[in-house]
Structure formats: structure tokens, C-alpha cells
file target_1.cif (mmCIF, C-alpha atoms (C1' of nucleotides))
data_work
loop_
_atom_site.label_atom_id
_atom_site.label_comp_id
_atom_site.auth_asym_id
_atom_site.auth_seq_id
_atom_site.Cartn_x
_atom_site.Cartn_y
_atom_site.Cartn_z
CA MET A 232 -2.45 0.15 14.41
CA LYS A 233 0.97 1.32 15.14
CA ARG A 234 2.34 3.78 12.65
CA ASP A 235 5.42 2.94 10.66
CA SER A 236 8.08 5.60 11.28
CA ARG A 237 10.91 4.08 9.28
CA LEU A 238 10.74 6.65 6.50
CA SER A 239 10.78 9.47 9.02
CA GLY A 240 13.65 7.79 10.83
CA VAL A 241 15.83 7.07 7.85
CA LEU A 242 15.38 10.57 6.48
CA HIS A 243 16.42 11.96 9.81
CA VAL A 244 19.58 9.88 9.62
CA LEU A 245 20.37 10.86 6.03
CA LEU A 246 19.90 14.54 6.69
CA HIS A 247 22.21 14.38 9.67
CA MET A 248 24.78 12.63 7.54
CA ALA A 249 24.56 15.40 4.99
CA GLN A 250 25.65 17.96 7.60
CA GLN A 251 29.05 16.43 8.35
CA PRO A 252 31.65 14.50 6.40
CA GLY A 253 31.36 11.20 8.23
CA PRO A 254 31.64 8.28 8.38
CA PHE A 255 29.04 7.59 11.07
CA THR A 256 28.84 4.41 13.05
CA SER A 257 25.48 2.79 13.64
CA GLU A 258 26.00 3.47 17.29
CA THR A 259 26.45 7.21 16.81
CA LEU A 260 23.37 7.39 14.62
CA ALA A 261 21.42 5.24 17.04
CA LYS A 262 22.23 7.56 19.94
CA ALA A 263 21.00 10.54 17.95
CA MET A 264 17.79 8.69 17.19
CA THR A 265 17.38 7.31 20.70
CA THR A 266 17.26 3.81 19.38
CA ASN A 267 19.38 0.74 18.82
CA PRO A 268 22.27 0.31 16.34
CA VAL A 269 20.60 -2.76 14.89
CA VAL A 270 17.56 -0.70 14.03
CA ILE A 271 19.80 1.71 12.13
CA ARG A 272 21.41 -1.11 10.18
CA ARG A 273 18.00 -2.50 9.42
CA ILE A 274 16.57 0.67 7.92
CA MET A 275 19.83 1.45 6.10
CA ALA A 276 20.17 -1.97 4.50
CA GLY A 277 17.83 -1.17 1.61
CA LEU A 278 19.56 2.12 0.90
CA ARG A 279 22.91 0.41 0.82
CA ASP A 280 21.61 -2.19 -1.65
CA LEU A 281 20.46 0.61 -3.94
CA GLY A 282 23.77 2.45 -3.62
CA TYR A 283 22.44 5.53 -1.81
CA VAL A 284 24.83 4.90 1.09
CA ARG A 285 27.90 2.75 1.65
CA SER A 286 28.97 0.95 4.78
CA GLU A 287 32.42 -0.20 5.86
CA LYS A 288 33.54 -2.48 8.61
CA GLY A 289 36.40 -2.16 11.05
CA HIS A 290 38.29 0.80 12.40
CA GLY A 291 37.19 4.06 10.85
CA GLY A 292 34.24 2.26 9.34
CA GLY A 293 30.60 3.22 9.38
CA TRP A 294 28.10 4.79 7.02
CA ARG A 295 28.70 7.35 4.26
CA LEU A 296 26.43 9.01 1.76
CA ALA A 297 27.09 7.70 -1.74
CA CYS A 298 24.62 9.52 -3.93
CA ASP A 299 23.81 12.87 -5.42
CA LEU A 300 21.37 14.32 -2.90
CA SER A 301 19.71 16.37 -5.60
CA LYS A 302 18.84 13.21 -7.50
CA VAL A 303 17.33 11.12 -4.72
CA THR A 304 13.74 11.81 -3.74
CA LEU A 305 11.80 10.87 -0.64
CA ARG A 306 9.98 8.42 -2.87
CA ASP A 307 13.27 6.73 -3.73
CA VAL A 308 14.04 6.41 -0.04
CA TYR A 309 10.57 5.04 0.60
CA MET A 310 11.06 2.40 -2.05
CA ALA A 311 14.46 1.54 -0.63
CA LEU A 312 12.64 0.63 2.57
CA GLY A 313 10.72 -1.96 0.59
CA SER A 314 7.66 0.14 -0.22
CA PRO A 315 5.74 -0.61 2.96
CA SER A 316 2.00 -0.05 2.74
CA LEU A 317 1.03 3.59 2.87
CA LEU A 318 -2.57 3.25 3.96
CA ALA A 319 -3.77 2.01 7.29
CA MET A 320 -7.01 0.79 5.79
CA GLY A 321 -7.79 -1.88 3.26
CA ASN A 322 -10.47 -4.17 1.99
CA ARG A 323 -11.76 -7.02 4.08
CA THR A 324 -11.41 -9.47 1.20
CA GLU A 325 -9.36 -8.83 -1.89
CA ALA A 326 -11.22 -10.99 -4.42
CA PRO A 327 -14.70 -11.51 -2.97
CA GLY A 328 -17.34 -13.64 -4.62
CA CYS A 329 -20.03 -11.48 -3.09
CA LEU A 330 -21.17 -8.78 -5.50
CA VAL A 331 -22.00 -6.49 -2.61
CA GLU A 332 -18.46 -6.65 -1.40
CA GLN A 333 -17.19 -6.17 -4.93
CA ALA A 334 -19.13 -2.93 -5.16
CA VAL A 335 -17.74 -1.76 -1.83
CA ASN A 336 -14.20 -2.71 -2.80
CA ALA A 337 -14.45 -0.92 -6.12
CA ALA A 338 -15.44 2.34 -4.47
CA LEU A 339 -12.85 2.11 -1.74
CA ASP A 340 -10.09 0.97 -4.06
CA GLN A 341 -10.59 3.98 -6.26
CA ALA A 342 -10.23 6.32 -3.31
CA PHE A 343 -7.28 4.38 -1.92
CA ARG A 344 -5.45 4.32 -5.23
CA ASP A 345 -5.89 8.04 -5.71
CA ALA A 346 -4.58 8.83 -2.26
CA GLU A 347 -1.60 6.54 -2.61
CA ALA A 348 -0.76 7.97 -6.01
CA LEU A 349 -0.87 11.50 -4.68
CA LEU A 350 1.29 10.64 -1.71
CA LEU A 351 3.89 8.93 -3.89
CA SER A 352 3.81 11.85 -6.27
CA ARG A 353 4.40 14.33 -3.46
CA LEU A 354 7.26 12.26 -2.10
CA GLY A 355 8.72 12.13 -5.58
CA GLU A 356 8.79 15.92 -5.78
CA VAL A 357 11.09 16.36 -2.81
CA THR A 358 14.81 15.58 -3.05
CA LEU A 359 17.17 15.09 -0.17
CA ALA A 360 18.96 18.24 -1.31
CA MET A 361 15.72 20.20 -0.90
CA LEU A 362 15.39 18.87 2.62
CA GLY A 363 18.92 20.04 3.28
CA GLU A 364 18.07 23.49 1.96
CA ASP A 365 15.06 23.71 4.21
CA LEU A 366 17.21 22.68 7.13
CA ARG A 367 19.74 25.38 6.38
CA LYS A 368 16.97 27.97 6.57
CA ARG A 369 15.83 26.60 9.89
CA LEU A 370 19.35 26.68 11.23
CA GLY A 371 19.53 30.35 10.32
CA SER A 372 22.50 32.02 11.92
CA ARG A 373 23.37 28.89 13.87
CA LYS A 374 26.31 26.82 12.83
CA ILE A 375 26.18 23.35 11.35
CA HIS A 376 24.21 21.04 13.55
CA ASP A 377 26.62 18.53 15.06
CA ILE A 378 25.06 15.14 15.44
CA SER A 379 26.91 14.57 18.70
CA ALA A 380 24.93 17.47 20.18
CA HIS A 381 21.66 15.88 19.21
CA ARG A 382 18.57 16.49 21.29
CA ALA A 383 15.32 14.70 20.61
CA MET B 66 1.09 -3.21 10.22
CA LYS B 67 -2.16 -4.93 9.95
CA ARG B 68 -4.66 -3.12 7.83
CA ASP B 69 -7.87 -1.86 9.32
CA SER B 70 -10.83 -3.31 7.42
CA ARG B 71 -13.63 -1.90 9.53
CA LEU B 72 -14.76 0.60 6.93
CA SER B 73 -14.82 -2.09 4.27
CA GLY B 74 -16.71 -4.36 6.64
CA VAL B 75 -19.33 -1.92 7.80
CA LEU B 76 -20.05 -0.78 4.25
CA HIS B 77 -20.55 -4.37 3.25
CA VAL B 78 -23.09 -4.72 6.03
CA LEU B 79 -24.92 -1.51 5.19
CA LEU B 80 -25.17 -2.36 1.51
CA HIS B 81 -26.59 -5.77 2.32
CA MET B 82 -29.13 -4.15 4.61
CA ALA B 83 -30.17 -1.85 1.80
CA GLN B 84 -31.18 -4.84 -0.33
CA GLN B 85 -33.80 -6.22 2.02
CA PRO B 86 -36.31 -4.75 4.48
CA GLY B 87 -34.82 -6.22 7.66
CA PRO B 88 -34.38 -6.16 10.56
CA PHE B 89 -31.13 -8.10 10.65
CA THR B 90 -29.72 -9.69 13.74
CA SER B 91 -26.03 -9.35 14.49
CA GLU B 92 -25.80 -13.09 14.06
CA THR B 93 -27.22 -13.04 10.54
CA LEU B 94 -24.88 -10.24 9.53
CA ALA B 95 -21.94 -11.95 11.20
CA LYS B 96 -22.56 -15.15 9.24
CA ALA B 97 -22.56 -13.21 6.00
CA MET B 98 -19.29 -11.56 6.98
CA THR B 99 -17.75 -14.75 8.31
CA THR B 100 -17.12 -13.14 11.64
CA ASN B 101 -18.54 -12.83 15.11
CA PRO B 102 -21.77 -11.04 16.16
CA VAL B 103 -19.83 -9.00 18.69
CA VAL B 104 -17.66 -7.64 15.91
CA ILE B 105 -20.80 -6.52 14.09
CA ARG B 106 -22.13 -4.75 17.17
CA ARG B 107 -18.77 -3.12 17.63
CA ILE B 108 -18.51 -1.61 14.17
CA MET B 109 -22.21 -0.65 14.17
CA ALA B 110 -22.12 1.12 17.52
CA GLY B 111 -20.81 4.38 16.09
CA LEU B 112 -23.38 4.39 13.30
CA ARG B 113 -26.15 3.86 15.80
CA ASP B 114 -24.92 6.77 17.90
CA LEU B 115 -25.07 9.02 14.85
CA GLY B 116 -28.54 7.78 13.90
CA TYR B 117 -27.55 6.06 10.65
CA VAL B 118 -28.94 2.77 11.93
CA ARG B 119 -31.18 1.71 14.78
CA SER B 120 -31.02 -1.41 16.89
CA GLU B 121 -33.71 -3.13 18.89
CA LYS B 122 -33.55 -5.84 21.47
CA GLY B 123 -35.72 -8.86 21.99
CA HIS B 124 -37.90 -10.88 19.65
CA GLY B 125 -38.02 -9.42 16.15
CA GLY B 126 -35.18 -7.13 17.09
CA GLY B 127 -31.96 -6.42 15.24
CA TRP B 128 -30.56 -3.71 13.01
CA ARG B 129 -32.38 -1.42 10.59
CA LEU B 130 -31.24 1.39 8.37
CA ALA B 131 -32.41 4.74 9.70
CA CYS B 132 -31.04 7.28 7.26
CA ASP B 133 -31.41 8.63 3.76
CA LEU B 134 -28.85 6.61 1.83
CA SER B 135 -28.42 9.45 -0.65
CA LYS B 136 -27.32 11.75 2.15
CA VAL B 137 -24.74 9.58 3.89
CA THR B 138 -21.28 9.39 2.35
CA LEU B 139 -18.48 6.92 2.88
CA ARG B 140 -16.74 9.70 4.75
CA ASP B 141 -19.66 9.92 7.17
CA VAL B 142 -19.42 6.20 7.78
CA TYR B 143 -15.67 6.49 8.26
CA MET B 144 -16.18 9.20 10.86
CA ALA B 145 -18.84 7.10 12.57
CA LEU B 146 -16.14 4.50 13.10
CA GLY B 147 -14.22 7.10 15.07
CA SER B 148 -12.01 8.39 12.26
CA PRO B 149 -9.24 5.82 12.63
CA SER B 150 -5.92 6.85 11.15
CA LEU B 151 -5.83 6.65 7.39
CA LEU B 152 -2.09 6.46 6.87
CA ALA B 153 0.14 3.60 7.86
CA MET B 154 3.12 5.92 8.20
CA GLY B 155 3.86 8.78 10.52
CA ASN B 156 6.59 10.81 12.04
CA ARG B 157 8.97 9.33 14.54
CA THR B 158 8.49 12.25 16.92
CA GLU B 159 5.66 14.73 16.71
CA ALA B 160 7.29 17.78 18.28
CA PRO B 161 11.03 17.22 18.00
CA GLY B 162 13.60 19.63 19.38
CA CYS B 163 16.03 18.57 16.66
CA LEU B 164 15.90 20.95 13.70
CA VAL B 165 16.86 18.15 11.36
CA GLU B 166 13.86 16.17 12.41
CA GLN B 167 11.69 19.25 12.17
CA ALA B 168 12.73 19.65 8.55
CA VAL B 169 11.95 16.00 7.84
CA ASN B 170 8.59 16.20 9.58
CA ALA B 171 7.62 19.33 7.69
CA ALA B 172 8.22 17.68 4.35
CA LEU B 173 6.48 14.45 5.27
CA ASP B 174 3.57 16.17 6.99
CA GLN B 175 2.82 18.15 3.89
CA ALA B 176 2.65 15.00 1.79
CA PHE B 177 0.69 13.14 4.44
CA ARG B 178 -1.83 15.92 4.86
CA ASP B 179 -2.42 16.17 1.12
CA ALA B 180 -2.98 12.45 0.78
CA GLU B 181 -5.35 12.31 3.74
CA ALA B 182 -7.30 15.28 2.46
CA LEU B 183 -7.67 13.71 -0.96
CA LEU B 184 -8.79 10.40 0.49
CA LEU B 185 -11.38 12.07 2.73
CA SER B 186 -12.54 14.14 -0.19
CA ARG B 187 -12.99 11.05 -2.38
CA LEU B 188 -14.87 9.25 0.37
CA GLY B 189 -17.07 12.30 0.76
CA GLU B 190 -18.06 12.16 -2.90
CA VAL B 191 -19.61 8.71 -2.69
CA THR B 192 -22.99 8.16 -1.02
CA LEU B 193 -24.39 4.86 0.13
CA ALA B 194 -27.08 5.29 -2.52
CA MET B 195 -24.40 5.47 -5.20
CA LEU B 196 -22.91 2.25 -3.90
CA GLY B 197 -26.36 0.70 -4.15
CA GLU B 198 -26.68 1.89 -7.74
CA ASP B 199 -23.34 0.37 -8.64
CA LEU B 200 -24.40 -2.86 -7.02
CA ARG B 201 -27.61 -2.94 -9.04
CA LYS B 202 -25.55 -2.71 -12.21
CA ARG B 203 -23.34 -5.55 -11.09
CA LEU B 204 -26.37 -7.66 -10.27
CA GLY B 205 -27.60 -7.13 -13.80
CA SER B 206 -30.46 -9.47 -14.61
CA ARG B 207 -30.06 -11.28 -11.33
CA LYS B 208 -32.60 -10.76 -8.61
CA ILE B 209 -31.97 -9.01 -5.33
CA HIS B 210 -29.07 -10.54 -3.51
CA ASP B 211 -30.40 -12.35 -0.46
CA ILE B 212 -28.05 -12.08 2.46
CA SER B 213 -28.86 -15.61 3.55
CA ALA B 214 -27.31 -16.84 0.28
CA HIS B 215 -24.11 -15.01 1.01
CA ARG B 216 -20.83 -16.38 -0.26
CA ALA B 217 -17.52 -14.83 0.62
"C1'" DG C 234 49.04 -12.45 13.78
"C1'" DT C 235 46.22 -10.87 17.33
"C1'" DT C 236 43.25 -7.45 19.14
"C1'" DT C 237 39.82 -4.14 18.44
"C1'" DC C 238 36.22 -2.11 16.01
"C1'" DA C 239 32.39 -2.09 13.02
"C1'" DT C 240 28.88 -4.09 10.12
"C1'" DG C 241 25.42 -8.25 8.90
"C1'" DT C 242 22.00 -10.95 10.52
"C1'" DA C 243 19.41 -14.31 13.08
"C1'" DA C 244 16.61 -14.91 16.98
"C1'" DC C 245 14.33 -13.41 20.44
"C1'" DG C 246 11.33 -10.18 23.42
"C1'" DT C 247 8.03 -6.16 23.70
"C1'" DC C 248 4.18 -3.38 22.56
"C1'" DA C 249 0.10 -1.70 20.13
"C1'" DT C 250 -3.96 -2.67 17.65
"C1'" DA C 251 -7.43 -5.08 14.85
"C1'" DT C 252 -9.99 -8.99 15.27
"C1'" DG C 253 -12.11 -13.21 17.47
"C1'" DT C 254 -14.41 -15.24 21.49
"C1'" DT C 255 -16.67 -15.98 25.95
"C1'" DA C 256 -19.53 -14.41 29.51
"C1'" DC C 257 -23.04 -12.00 31.43
"C1'" DA C 258 -26.18 -7.95 32.15
"C1'" DT C 259 -30.13 -5.43 30.10
"C1'" DG C 260 -34.30 -4.92 27.89
"C1'" DA C 261 -38.18 -6.39 24.73
"C1'" DT C 262 -41.45 -9.76 23.07
"C1'" DA C 263 -44.01 -14.01 23.08
"C1'" DT D 130 -41.61 -16.14 32.95
"C1'" DA D 131 -38.89 -17.91 29.16
"C1'" DT D 132 -36.71 -16.59 25.07
"C1'" DC D 133 -34.41 -13.64 22.08
"C1'" DA D 134 -31.42 -9.91 20.87
"C1'" DT D 135 -28.43 -6.13 21.91
"C1'" DG D 136 -24.51 -3.83 25.05
"C1'" DT D 137 -20.28 -4.40 26.88
"C1'" DA D 138 -16.47 -6.01 29.55
"C1'" DA D 139 -12.78 -9.19 29.56
"C1'" DC D 140 -9.72 -12.07 27.55
"C1'" DA D 141 -7.44 -14.57 23.54
"C1'" DT D 142 -5.08 -14.38 19.02
"C1'" DA D 143 -2.50 -12.53 15.12
"C1'" DT D 144 0.35 -9.26 12.99
"C1'" DG D 145 3.96 -6.01 12.49
"C1'" DA D 146 7.09 -2.32 14.13
"C1'" DC D 147 10.57 -1.75 17.25
"C1'" DG D 148 14.05 -3.09 20.78
"C1'" DT D 149 17.72 -6.24 22.33
"C1'" DT D 150 21.08 -9.95 22.61
"C1'" DA D 151 24.25 -12.90 20.48
"C1'" DC D 152 27.48 -14.14 17.32
"C1'" DA D 153 29.73 -14.37 12.68
"C1'" DT D 154 32.38 -11.66 9.28
"C1'" DG D 155 35.71 -8.54 7.78
"C1'" DA D 156 38.91 -4.43 8.18
"C1'" DA D 157 42.25 -1.55 10.53
"C1'" DA D 158 45.56 -0.80 14.38
"C1'" DC D 159 49.02 -2.54 17.28
#
call {"tool": "encode", "arguments": {"input": "target_1.cif", "output": "C-alpha cells"}}
result
Amino acid sequence: MKRDSRLSGVLHVLLHMAQQPGPFTSETLAKAMTTNPVVIRRIMAGLRDLGYVRSEKGHGGGWRLACDLSKVTLRDVYMALGSPSLLAMGNRTEAPGCLVEQAVNAALDQAFRDAEALLLSRLGEVTLAMLGEDLRKRLGSRKIHDISAHRA
Amino acid sequence: MKRDSRLSGVLHVLLHMAQQPGPFTSETLAKAMTTNPVVIRRIMAGLRDLGYVRSEKGHGGGWRLACDLSKVTLRDVYMALGSPSLLAMGNRTEAPGCLVEQAVNAALDQAFRDAEALLLSRLGEVTLAMLGEDLRKRLGSRKIHDISAHRA
DNA sequence: GTTTCATGTAACGTCATATGTTACATGATA
DNA sequence: TATCATGTAACATATGACGTTACATGAAAC
């Protein structure tokens, strides 16, 4: 099955936004992501609803960060996307009458729940500010990364 | 994305097979799973290649267990399916030139790897024999569950 | 006020993948 | 030799992410 890359994508956008004052139009962001402005609006909609970013129409409009980056975790961003399913696998039938399948489901569910919990926990440990710090180290001597000079 | 239920399905089949001597035709198993015989052959192919089950053609043919159930774990079965991806999410670009995306990927990859490792580890802790034990408890006083009396 | 710019969103099209189905070849048994 | 069962290719279907077009809404510039 195709892998969902919305979390990866939206984090990429947010981190770029944290490097420059903004605002950023969906078109600018889309170019940097090699995608379509509508896709940007789509993945940003949830973050806007939760107040992590703001959007404005018209001249000089676009997207701006509207949160404390040290208070928002990757888990928060994930939830802003609507908490899409984390695992690519699942049970054939959720509430089977067959006892055999119930036994199988019980074993798998336990493993699935543990893995999901760990993943959410890990995402909850990382703030956007920490991502920005890591980026600064990677940039090293280089100057601020301008989004207009974006290379995939 | 649609969730992959092959592991759930093939375990269901194996556990049913462990309750009766067999052999079982793909058609019998398919009826119990409310699916198509070809689907059964498809998910069983990998297990046959690894020697966990055997198949025979012609009259009296079908599928038989061919392994020590206490030695085969859910992880082994998962790998027999070809180790399909466990996570529904992934990075937008695997080897990005953009440092911002590299920073994002690094953070996500760490979380993803941990979750996958935990899931594989959990699957590796459960043997088919343990599943059978759990099933026996669920059956309680009831007699062996006949696959022909299967209800979803 | 009209034009221009930007978001908001519906409505498609596209692509990948799991799953379902048909068809037919292969091999084993009666 | 007929029947049964697997092996597999080929095609159909369903779902969901992603891409694209079209148009409405609202804000700023002129």
C-alpha cells in the first residue's frame, strides 16, 4: 500500500517556515515541495484549525507560524492531520464470531497497540523547536536556508 | 490507505489447520475465510517455500502443516509473507538534498525504526503453539472447533 | 469600486496496492 | 483417462494518497 507522507510533508513545510519571517504563499511552499498548492492547503488545514498556523487571503497573504515551536510536538502535528492510521497492517475482521480469529486478533492487537503507543510516544518527545535545532547543526557554517533556493 | 490483512488471514488459516488433521483444500479454507481459493494459495505460497506447510495436488491433496508450531513465531509467518511494510507512514523523499527535509527525515526515521523494531520483537515472542494454547482456553468446555462449522 | 492576489473547497483524474475472480496449465489419484 | 487440486497469469474492483482544475470568497492595491 502506498505510504502516507503527509506528516513528513507538513513538517518539512513548518521547518522551512521557521527559517524565515514569512508569510509564505501556498504556491511558494508547493514549489519547494514539488507539489501542488492545493495539497499544501489540504495538509495545513488541520494545523490552522488548531491554531498552529494562520492563513490570510489577498495581497501579502499566505501562511504564518502561530505557535510556540517549543510547545508543539510531532505528535501534535500528527493529530492535526487527523490521526491517520500508523500501521499498514490490521485484522481481517474486527469483531469476529470465530474463536480462532479472536485468538489471532488478540495476539496481533497487543503487538499493534504496543507499536503504535511507542511511535506516538516518540513523536511526542520531539518538538518543532528541537527539529529546528537539529537543522541548525546540519546547516553548520552555512547561512539560513532560503526556501526560494530549495532543492529536492 | 487500505490495511493489509494478510498476516491476520494466514494466521487464521494456520490456527484452524492446527485443530484438525487435514489435509485442507484451498476451497475449504477459502470458505472459512469468506474469500477465494486463489487468495489462500497466494498467502500460503511463502509459507510453503519456507517449509512451514506443504501442499499436494490431486485427489486427497491440499494443505498440511509441516513445522513444529512451538518453533514458528508470528514474525516468521510475517517474513514468509515477504515482510510487507509495517508502517502506513513514511518519508516524502528518501534521500533528499534539502537539509530541512533531512532533519525531518532523521527525526521521523528514528521513531519509525523504534516502532517497527518493537512490533517485530513482539511478533517474535509469540509462537503458533502459544496461539493454539490461547485458543484452547477460549474454547473452554467446547469441543475442537471444526472448520466446516466456521462462522465469521 | 475594480482589479489582483491569495486562500477554501469541491470535483475530478491518477496511481499504487490489497483483494477478488476467471482461466488455464500442471501434476496426482482414482 | 477422468477427476481433483494446486500454481499462476491476467484482469477486475476497491480504497486512499496525491495531483489538478475550477470557481467562490475575501483582502489589499490601484
call {"tool": "resolve_selection", "arguments": {"input": "target_1.cif", "expression": "the PyMOL selection byres ((chain C and resi 258) around 10)", "output": "list of chain:residue names"}}
result
C:DA256, C:DC257, C:DT259, C:DG260, D:DG136, D:DT137
call {"tool": "resolve_selection", "arguments": {"input": "target_1.cif", "expression": "the PyMOL selection byres ((chain C) within 8 of (chain A))", "output": "number ranges by chain"}}
result
C: 237-240, 249-251
call {"tool": "residues_around", "arguments": {"input": "target_1.cif", "residues": "DC245 in chain C", "least_positions_apart": "5", "cutoff": "12 Å", "atoms": "all atoms listed in the file", "output": "list in words"}}
result
DG148, DT149, DT150 and DA151 of chain D
call {"tool": "calpha_fit_and_write", "arguments": {"input": "target_1.cif", "fixed": "chain B", "moving": "chain A", "output": "compact mmCIF listing (two decimals) with C-alpha atoms, keeping the file's coordinate frame"}}
result
# COMPACT_ATOMS: atom_id res chain seq x y z
CA MET A 232 1.09 -3.44 10.19
CA LYS A 233 -2.22 -5.04 9.92
CA ARG A 234 -4.69 -3.15 7.80
CA ASP A 235 -7.88 -1.86 9.32
CA SER A 236 -10.85 -3.31 7.41
CA ARG A 237 -13.65 -1.89 9.53
CA LEU A 238 -14.77 0.62 6.92
CA SER A 239 -14.85 -2.07 4.27
CA GLY A 240 -16.72 -4.34 6.65
CA VAL A 241 -19.33 -1.89 7.80
CA LEU A 242 -20.05 -0.76 4.26
CA HIS A 243 -20.54 -4.35 3.26
CA VAL A 244 -23.08 -4.72 6.05
CA LEU A 245 -24.93 -1.50 5.19
CA LEU A 246 -25.18 -2.35 1.53
CA HIS A 247 -26.59 -5.76 2.34
CA MET A 248 -29.12 -4.13 4.61
CA ALA A 249 -30.18 -1.85 1.80
CA GLN A 250 -31.16 -4.85 -0.34
CA GLN A 251 -33.83 -6.23 2.00
CA PRO A 252 -36.30 -4.77 4.45
CA GLY A 253 -34.82 -6.19 7.63
CA PRO A 254 -34.37 -6.15 10.53
CA PHE A 255 -31.10 -8.10 10.64
CA THR A 256 -29.69 -9.70 13.72
CA SER A 257 -26.01 -9.36 14.48
CA GLU A 258 -25.76 -13.07 14.06
CA THR A 259 -27.17 -13.03 10.53
CA LEU A 260 -24.85 -10.22 9.54
CA ALA A 261 -21.92 -11.93 11.21
CA LYS A 262 -22.52 -15.13 9.24
CA ALA A 263 -22.53 -13.17 5.99
CA MET A 264 -19.27 -11.54 6.98
CA THR A 265 -17.71 -14.73 8.31
CA THR A 266 -17.10 -13.12 11.63
CA ASN A 267 -18.52 -12.80 15.11
CA PRO A 268 -21.75 -11.02 16.17
CA VAL A 269 -19.82 -8.96 18.70
CA VAL A 270 -17.65 -7.61 15.93
CA ILE A 271 -20.78 -6.49 14.09
CA ARG A 272 -22.12 -4.73 17.16
CA ARG A 273 -18.77 -3.09 17.65
CA ILE A 274 -18.53 -1.58 14.18
CA MET A 275 -22.22 -0.63 14.18
CA ALA A 276 -22.14 1.14 17.53
CA GLY A 277 -20.83 4.41 16.10
CA LEU A 278 -23.39 4.41 13.32
CA ARG A 279 -26.17 3.87 15.80
CA ASP A 280 -24.95 6.79 17.93
CA LEU A 281 -25.07 9.03 14.87
CA GLY A 282 -28.54 7.80 13.91
CA TYR A 283 -27.56 6.08 10.65
CA VAL A 284 -28.95 2.77 11.93
CA ARG A 285 -31.21 1.71 14.78
CA SER A 286 -31.03 -1.41 16.88
CA GLU A 287 -33.75 -3.15 18.87
CA LYS A 288 -33.60 -5.88 21.43
CA GLY A 289 -35.77 -8.93 21.89
CA HIS A 290 -37.91 -10.93 19.53
CA GLY A 291 -38.01 -9.46 16.06
CA GLY A 292 -35.18 -7.16 17.03
CA GLY A 293 -31.97 -6.44 15.21
CA TRP A 294 -30.56 -3.72 13.00
CA ARG A 295 -32.39 -1.40 10.59
CA LEU A 296 -31.25 1.40 8.36
CA ALA A 297 -32.42 4.76 9.69
CA CYS A 298 -31.05 7.29 7.26
CA ASP A 299 -31.43 8.63 3.77
CA LEU A 300 -28.86 6.62 1.84
CA SER A 301 -28.43 9.45 -0.63
CA LYS A 302 -27.34 11.76 2.16
CA VAL A 303 -24.75 9.59 3.89
CA THR A 304 -21.29 9.41 2.37
CA LEU A 305 -18.49 6.93 2.89
CA ARG A 306 -16.76 9.73 4.75
CA ASP A 307 -19.67 9.95 7.17
CA VAL A 308 -19.42 6.22 7.78
CA TYR A 309 -15.68 6.52 8.27
CA MET A 310 -16.18 9.21 10.87
CA ALA A 311 -18.83 7.12 12.58
CA LEU A 312 -16.12 4.52 13.11
CA GLY A 313 -14.20 7.10 15.09
CA SER A 314 -12.00 8.41 12.28
CA PRO A 315 -9.24 5.83 12.62
CA SER A 316 -5.91 6.86 11.15
CA LEU A 317 -5.81 6.64 7.39
CA LEU A 318 -2.07 6.44 6.86
CA ALA A 319 0.16 3.60 7.86
CA MET A 320 3.13 5.91 8.21
CA GLY A 321 3.86 8.77 10.53
CA ASN A 322 6.61 10.82 12.05
CA ARG A 323 8.99 9.33 14.56
CA THR A 324 8.53 12.26 16.94
CA GLU A 325 5.70 14.72 16.73
CA ALA A 326 7.33 17.79 18.30
CA PRO A 327 11.08 17.23 17.99
CA GLY A 328 13.66 19.62 19.35
CA CYS A 329 16.06 18.57 16.64
CA LEU A 330 15.92 20.94 13.68
CA VAL A 331 16.88 18.13 11.34
CA GLU A 332 13.88 16.16 12.40
CA GLN A 333 11.71 19.24 12.14
CA ALA A 334 12.73 19.63 8.52
CA VAL A 335 11.96 15.98 7.82
CA ASN A 336 8.61 16.19 9.59
CA ALA A 337 7.62 19.31 7.70
CA ALA A 338 8.20 17.66 4.34
CA LEU A 339 6.48 14.44 5.28
CA ASP A 340 3.58 16.15 7.00
CA GLN A 341 2.81 18.13 3.90
CA ALA A 342 2.65 14.99 1.80
CA PHE A 343 0.66 13.13 4.45
CA ARG A 344 -1.85 15.92 4.86
CA ASP A 345 -2.42 16.17 1.14
CA ALA A 346 -2.99 12.45 0.79
CA GLU A 347 -5.35 12.30 3.73
CA ALA A 348 -7.31 15.28 2.46
CA LEU A 349 -7.70 13.71 -0.95
CA LEU A 350 -8.81 10.41 0.50
CA LEU A 351 -11.39 12.07 2.73
CA SER A 352 -12.57 14.15 -0.19
CA ARG A 353 -13.02 11.07 -2.36
CA LEU A 354 -14.90 9.28 0.38
CA GLY A 355 -17.09 12.32 0.77
CA GLU A 356 -18.09 12.17 -2.89
CA VAL A 357 -19.63 8.73 -2.67
CA THR A 358 -23.01 8.17 -1.00
CA LEU A 359 -24.41 4.88 0.13
CA ALA A 360 -27.11 5.30 -2.51
CA MET A 361 -24.41 5.48 -5.19
CA LEU A 362 -22.93 2.26 -3.89
CA GLY A 363 -26.37 0.70 -4.13
CA GLU A 364 -26.69 1.88 -7.72
CA ASP A 365 -23.36 0.37 -8.61
CA LEU A 366 -24.43 -2.86 -7.00
CA ARG A 367 -27.62 -2.95 -9.02
CA LYS A 368 -25.57 -2.72 -12.20
CA ARG A 369 -23.36 -5.56 -11.06
CA LEU A 370 -26.37 -7.68 -10.24
CA GLY A 371 -27.61 -7.15 -13.78
CA SER A 372 -30.40 -9.53 -14.62
CA ARG A 373 -30.02 -11.35 -11.32
CA LYS A 374 -32.56 -10.84 -8.62
CA ILE A 375 -32.00 -9.08 -5.33
CA HIS A 376 -29.07 -10.56 -3.51
CA ASP A 377 -30.39 -12.36 -0.45
CA ILE A 378 -28.04 -12.07 2.47
CA SER A 379 -28.85 -15.61 3.56
CA ALA A 380 -27.30 -16.84 0.31
CA HIS A 381 -24.09 -15.01 1.02
CA ARG A 382 -20.81 -16.37 -0.27
CA ALA A 383 -17.50 -14.80 0.64
call {"tool": "closest_atom_pairs", "arguments": {"input": "target_1.cif", "of": "chain D", "to": "chain B", "cutoff": "12 Å", "atoms": "all atoms listed in the file", "output": "Markdown table"}}
result
| residue | atom | partner | partner_atom | distance |
| --- | --- | --- | --- | --- |
| D:DA131 | C1' | B:His124 | CA | 11.9 |
| D:DT132 | C1' | B:His124 | CA | 8.0 |
| D:DC133 | C1' | B:Gly123 | CA | 5.0 |
| D:DA134 | C1' | B:Gly123 | CA | 4.6 |
| D:DT135 | C1' | B:Lys122 | CA | 5.1 |
| D:DG136 | C1' | B:Arg106 | CA | 8.3 |
| D:DT137 | C1' | B:Val103 | CA | 9.4 |
| D:DA138 | C1' | B:Val103 | CA | 11.8 |
| D:DA143 | C1' | B:Lys67 | CA | 9.2 |
| D:DT144 | C1' | B:Lys67 | CA | 5.9 |
| D:DG145 | C1' | B:Met66 | CA | 4.6 |
| D:DA146 | C1' | B:Met66 | CA | 7.2 |
| D:DC147 | C1' | B:Arg157 | CA | 11.5 |
call {"tool": "atom_distance", "arguments": {"input": "target_1.cif", "atom1": "CA of Ser135 in chain B", "atom2": "CA of Thr324 in chain A"}}
result
25.5 Å
call {"tool": "closest_residue", "arguments": {"input": "target_1.cif", "among": "B:Val118, B:Leu151, B:Met98, B:Val104", "to": "chain A", "atoms": "only C-alpha atoms"}}
result
B:Leu151
